[in-house]
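Q: I'm passing along entry-v8.cif; it holds mmCIF, C-alpha atoms.
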data_coords
loop_
_atom_site.group_PDB
_atom_site.id
_atom_site.type_symbol
_atom_site.label_atom_id
_atom_site.label_comp_id
_atom_site.auth_asym_id
_atom_site.auth_seq_id
_atom_site.Cartn_x
_atom_site.Cartn_y
_atom_site.Cartn_z
ATOM 1 C CA MET A 7 -3.477 39.141 27.216
ATOM 2 C CA GLY A 8 -5.050 40.883 24.254
ATOM 3 C CA GLY A 9 -8.230 38.875 24.860
ATOM 4 C CA GLU A 10 -8.292 39.861 28.532
ATOM 5 C CA ARG A 11 -7.944 43.541 27.762
ATOM 6 C CA SER A 12 -10.735 43.481 25.264
ATOM 7 C CA LEU A 13 -12.855 41.554 27.720
ATOM 8 C CA ARG A 14 -12.086 44.092 30.436
ATOM 9 C CA ASP A 15 -12.818 46.906 28.050
ATOM 10 C CA LYS A 16 -16.179 45.381 27.265
ATOM 11 C CA CYS A 17 -16.968 44.945 30.937
ATOM 12 C CA VAL A 18 -15.976 48.498 31.717
ATOM 13 C CA PHE A 19 -18.088 49.699 28.816
ATOM 14 C CA TRP A 20 -21.190 47.872 30.103
ATOM 15 C CA VAL A 21 -20.668 48.956 33.664
ATOM 16 C CA ARG A 22 -20.253 52.579 32.635
ATOM 17 C CA LEU A 23 -23.235 52.303 30.323
ATOM 18 C CA GLU A 24 -25.375 51.059 33.191
ATOM 19 C CA ALA A 25 -24.076 53.828 35.452
ATOM 20 C CA ILE A 26 -24.901 56.440 32.855
ATOM 21 C CA ASP A 27 -28.378 55.064 32.320
ATOM 22 C CA GLY A 28 -28.943 55.007 36.090
ATOM 23 C CA LEU A 29 -29.776 51.296 36.018
ATOM 24 C CA SER A 30 -26.988 50.386 38.394
ATOM 25 C CA ASP A 31 -26.251 51.767 41.820
ATOM 26 C CA THR A 32 -22.818 50.166 42.060
ATOM 27 C CA SER A 33 -19.599 51.910 41.358
ATOM 28 C CA PRO A 34 -17.829 51.148 38.127
ATOM 29 C CA ASP A 35 -15.034 49.303 39.932
ATOM 30 C CA GLU A 36 -17.358 46.915 41.789
ATOM 31 C CA GLY A 37 -19.262 45.865 38.676
ATOM 32 C CA LEU A 38 -16.050 45.379 36.780
ATOM 33 C CA ILE A 39 -14.703 42.775 39.201
ATOM 34 C CA GLU A 40 -17.950 40.817 39.356
ATOM 35 C CA ASP A 41 -18.508 40.903 35.591
ATOM 36 C CA LEU A 42 -14.910 39.965 34.908
ATOM 37 C CA THR A 43 -15.018 36.833 37.025
ATOM 38 C CA ALA A 44 -18.370 35.802 35.566
ATOM 39 C CA GLU A 45 -17.142 36.363 32.038
ATOM 40 C CA ASP A 46 -13.862 34.564 32.768
ATOM 41 C CA LYS A 47 -15.848 31.568 33.966
ATOM 42 C CA ALA A 48 -18.035 31.734 30.891
ATOM 43 C CA VAL A 49 -14.996 31.937 28.620
ATOM 44 C CA GLU A 50 -13.405 28.960 30.367
ATOM 45 C CA GLN A 51 -16.613 26.944 30.080
ATOM 46 C CA LEU A 52 -16.979 27.821 26.419
ATOM 47 C CA ALA A 53 -13.356 26.898 25.745
ATOM 48 C CA GLU A 54 -13.742 23.577 27.589
ATOM 49 C CA GLY A 55 -16.928 22.834 25.709
ATOM 50 C CA LEU A 56 -15.332 23.687 22.390
ATOM 51 C CA LEU A 57 -12.307 21.534 23.163
ATOM 52 C CA SER A 58 -14.424 18.613 24.382
ATOM 53 C CA HIS A 59 -16.487 18.818 21.213
ATOM 54 C CA TYR A 60 -13.631 18.982 18.688
ATOM 55 C CA LEU A 61 -10.712 17.301 20.499
ATOM 56 C CA PRO A 62 -11.779 13.643 19.939
ATOM 57 C CA ASP A 63 -12.212 14.248 16.216
ATOM 58 C CA LEU A 64 -8.867 16.011 16.041
ATOM 59 C CA GLN A 65 -7.149 13.159 17.894
ATOM 60 C CA ARG A 66 -8.711 10.596 15.541
ATOM 61 C CA SER A 67 -7.597 12.701 12.578
ATOM 62 C CA LYS A 68 -4.089 12.923 14.014
ATOM 63 C CA GLN A 69 -3.946 9.148 14.461
ATOM 64 C CA ALA A 70 -5.279 8.574 10.944
ATOM 65 C CA LEU A 71 -2.641 10.938 9.526
ATOM 66 C CA GLN A 72 0.094 9.098 11.423
ATOM 67 C CA GLU A 73 -1.132 5.773 10.034
ATOM 68 C CA LEU A 74 -1.248 7.231 6.534
ATOM 69 C CA THR A 75 2.281 8.578 6.934
ATOM 70 C CA GLN A 76 3.526 5.175 8.083
ATOM 71 C CA ASN A 77 1.767 3.465 5.181
ATOM 72 C CA GLN A 78 3.271 5.999 2.812
ATOM 73 C CA VAL A 79 6.759 5.219 4.133
ATOM 74 C CA VAL A 80 6.124 1.485 3.644
ATOM 75 C CA LEU A 81 4.840 2.107 0.121
ATOM 76 C CA LEU A 82 7.872 4.232 -0.736
ATOM 77 C CA ASP A 83 10.223 1.502 0.519
ATOM 78 C CA THR A 84 8.343 -1.114 -1.476
ATOM 79 C CA LEU A 85 8.429 1.091 -4.556
ATOM 80 C CA GLU A 86 12.188 1.577 -4.215
ATOM 81 C CA GLN A 87 12.647 -2.201 -3.945
ATOM 82 C CA GLU A 88 10.540 -2.766 -7.049
ATOM 83 C CA ILE A 89 12.510 -0.140 -8.957
ATOM 84 C CA SER A 90 15.788 -1.813 -8.002
ATOM 85 C CA LYS A 91 14.382 -5.214 -9.090
ATOM 86 C CA PHE A 92 13.304 -3.685 -12.402
ATOM 87 C CA LYS A 93 16.757 -2.180 -12.938
ATOM 88 C CA GLU A 94 18.361 -5.523 -12.101
ATOM 89 C CA CYS A 95 16.072 -7.311 -14.549
ATOM 90 C CA HIS A 96 16.815 -4.735 -17.221
ATOM 91 C CA SER A 97 20.548 -5.156 -16.681
ATOM 92 C CA MET A 98 20.075 -8.942 -17.006
ATOM 93 C CA LEU A 99 18.575 -8.352 -20.447
ATOM 94 C CA ASP A 100 21.656 -6.338 -21.376
ATOM 95 C CA ILE A 101 23.907 -9.135 -20.094
ATOM 96 C CA ASN A 102 21.926 -11.713 -22.099
ATOM 97 C CA ALA A 103 22.359 -9.604 -25.227
ATOM 98 C CA LEU A 104 26.106 -9.411 -24.584
ATOM 99 C CA PHE A 105 26.335 -13.186 -24.154
ATOM 100 C CA THR A 106 24.392 -13.741 -27.388
ATOM 101 C CA GLU A 107 26.725 -11.388 -29.218
ATOM 102 C CA ALA A 108 29.776 -13.090 -27.682
ATOM 103 C CA LYS A 109 28.461 -16.509 -28.792
ATOM 104 C CA HIS A 110 28.001 -15.182 -32.325
ATOM 105 C CA TYR A 111 31.556 -13.860 -32.475
ATOM 106 C CA HIS A 112 32.901 -17.067 -30.933
ATOM 107 C CA THR A 113 31.261 -19.051 -33.746
ATOM 108 C CA LYS A 114 32.832 -16.726 -36.297
ATOM 109 C CA LEU A 115 36.247 -17.175 -34.690
ATOM 110 C CA VAL A 116 35.901 -20.961 -34.702
ATOM 111 C CA ASN A 117 35.040 -20.891 -38.422
ATOM 112 C CA ILE A 118 37.989 -18.604 -39.177
ATOM 113 C CA ARG A 119 40.276 -20.937 -37.209
ATOM 114 C CA LYS A 120 39.045 -23.953 -39.215
ATOM 115 C CA GLU A 121 39.668 -22.082 -42.463
ATOM 116 C CA MET A 122 43.139 -21.063 -41.264
ATOM 117 C CA LEU A 123 43.994 -24.690 -40.377
ATOM 118 C CA MET A 124 42.741 -25.883 -43.759
ATOM 119 C CA LEU A 125 44.792 -23.206 -45.535
ATOM 120 C CA HIS A 126 47.836 -24.148 -43.468
ATOM 121 C CA GLU A 127 47.460 -27.808 -44.444
ATOM 122 C CA LYS A 128 47.146 -26.912 -48.128
ATOM 123 C CA THR A 129 50.165 -24.616 -48.043
ATOM 124 C CA SER A 130 52.169 -27.240 -46.168
ATOM 125 C CA LYS A 131 51.368 -29.851 -48.845
ATOM 126 C CA LEU A 132 52.265 -27.418 -51.594
ATOM 127 C CA LYS A 133 55.564 -26.596 -49.895
ATOM 128 C CA LYS A 134 56.397 -30.294 -49.564
ATOM 129 C CA GLU A 135 55.603 -30.928 -53.218
ATOM 130 C CA HIS A 136 57.655 -27.927 -54.201
ATOM 131 C CA LEU A 137 60.581 -29.107 -52.082
ATOM 132 C CA ASN A 138 60.362 -32.588 -53.572
ATOM 133 C CA CYS A 139 60.320 -31.176 -57.054
ATOM 134 C CA SER A 140 63.124 -28.730 -56.433
ATOM 135 C CA ARG A 141 65.232 -31.476 -54.851
ATOM 136 C CA ARG A 142 64.904 -33.531 -57.943
ATOM 137 C CA GLY A 143 65.779 -30.513 -59.915
ATOM 138 C CA ARG A 144 63.171 -31.091 -62.442
ATOM 139 C CA LYS A 145 60.586 -28.602 -63.306
ATOM 140 C CA LYS A 146 58.919 -31.149 -65.417
ATOM 141 C CA SER A 147 57.915 -33.239 -62.479
ATOM 142 C CA TRP A 148 56.468 -30.159 -60.843
ATOM 143 C CA LYS A 149 54.285 -29.506 -63.849
ATOM 144 C CA GLU A 150 53.357 -33.150 -64.076
ATOM 145 C CA SER A 151 52.348 -33.272 -60.432
ATOM 146 C CA ASN A 152 50.222 -30.163 -60.906
ATOM 147 C CA ASN A 153 48.593 -31.746 -63.934
ATOM 148 C CA GLU A 154 47.983 -34.929 -61.971
ATOM 149 C CA ARG A 155 46.462 -32.965 -59.147
ATOM 150 C CA ARG A 156 44.179 -31.193 -61.564
ATOM 151 C CA ASN A 157 43.183 -34.444 -63.197
ATOM 152 C CA LEU A 158 42.401 -35.931 -59.775
ATOM 153 C CA LYS A 159 40.248 -32.956 -58.907
ATOM 154 C CA GLU A 160 38.370 -33.227 -62.180
ATOM 155 C CA LYS A 161 37.790 -36.959 -61.721
ATOM 156 C CA SER A 162 36.640 -36.529 -58.132
ATOM 157 C CA SER A 163 34.243 -33.751 -59.129
#
Would you mind writing the structure in this file as structure tokens?
A:
Amino acid sequence: MGGERSLRDKCVFWVRLEAIDGLSDTSPDEGLIEDLTAEDKAVEQLAEGLLSHYLPDLQRSKQALQELTQNQVVLLDTLEQEISKFKECHSMLDINALFTEAKHYHTKLVNIRKEMLMLHEKTSKLKKEHLNCSRRGRKKSWKESNNERRNLKEKSS
């Protein structure tokens, strides 16, 4: 409506200007109606022309923006998938490191177990020898057996 009022004001101004100058014999009201309809038609034609000139470009731009938005959504989804794959791969590296560490400690435990079994066998033999010697009641035989064991070790070495 603001555009119509200013348009009417302009028309009234021109009609009154012509009446003052004596160029027009018509009353101000008659010129106003004729000028208004002519200017309304001109405004409509200008608006249609402007729209017909710019509307196809705007529609193409709108379609291009929609395509870009869709492509952006696809790219974001793809990026999220790649990030999750990267995180999964990174966690696999952590799991591999844990398995390597577990294997290392398993090897240590196996070695400790072997040493414990060997120590158990040695202590069992020593206990048997001690029992045999104490049953006989002779400390001498205990010392002799220790000496024999030492001599055997020295000969085997």
Q: What is the atom CA of A:Arg142-atom CA of A:Thr129 distance in Å, reported with one decimal?
A: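 Computing the Euclidean distance for atom CA of A:Arg142 and atom CA of A:Thr129 yields 19.9 Å.
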Q: Around all of stretch 55-67 of chain A's listed atoms, make the axis-aligned box with 5 Å on each side and tell me centre and edge lengths in Å to one decimal, as lines of an AutoDock Vina configuration file.
A:
center_x = -12.0
center_y = 17.1
center_z = 19.1
size_x = 19.8
size_y = 23.1
size_z = 23.1
Q: Let me make sure I understand: among A:Ser151, A:Glu127, A:Val79, A:Thr113, which one has the smallest atom-to-atom distance to A:Cys139 if we use only C-alpha atoms?
A: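 Closest to A:Cys139, using only C-alpha atoms: A:Ser151.
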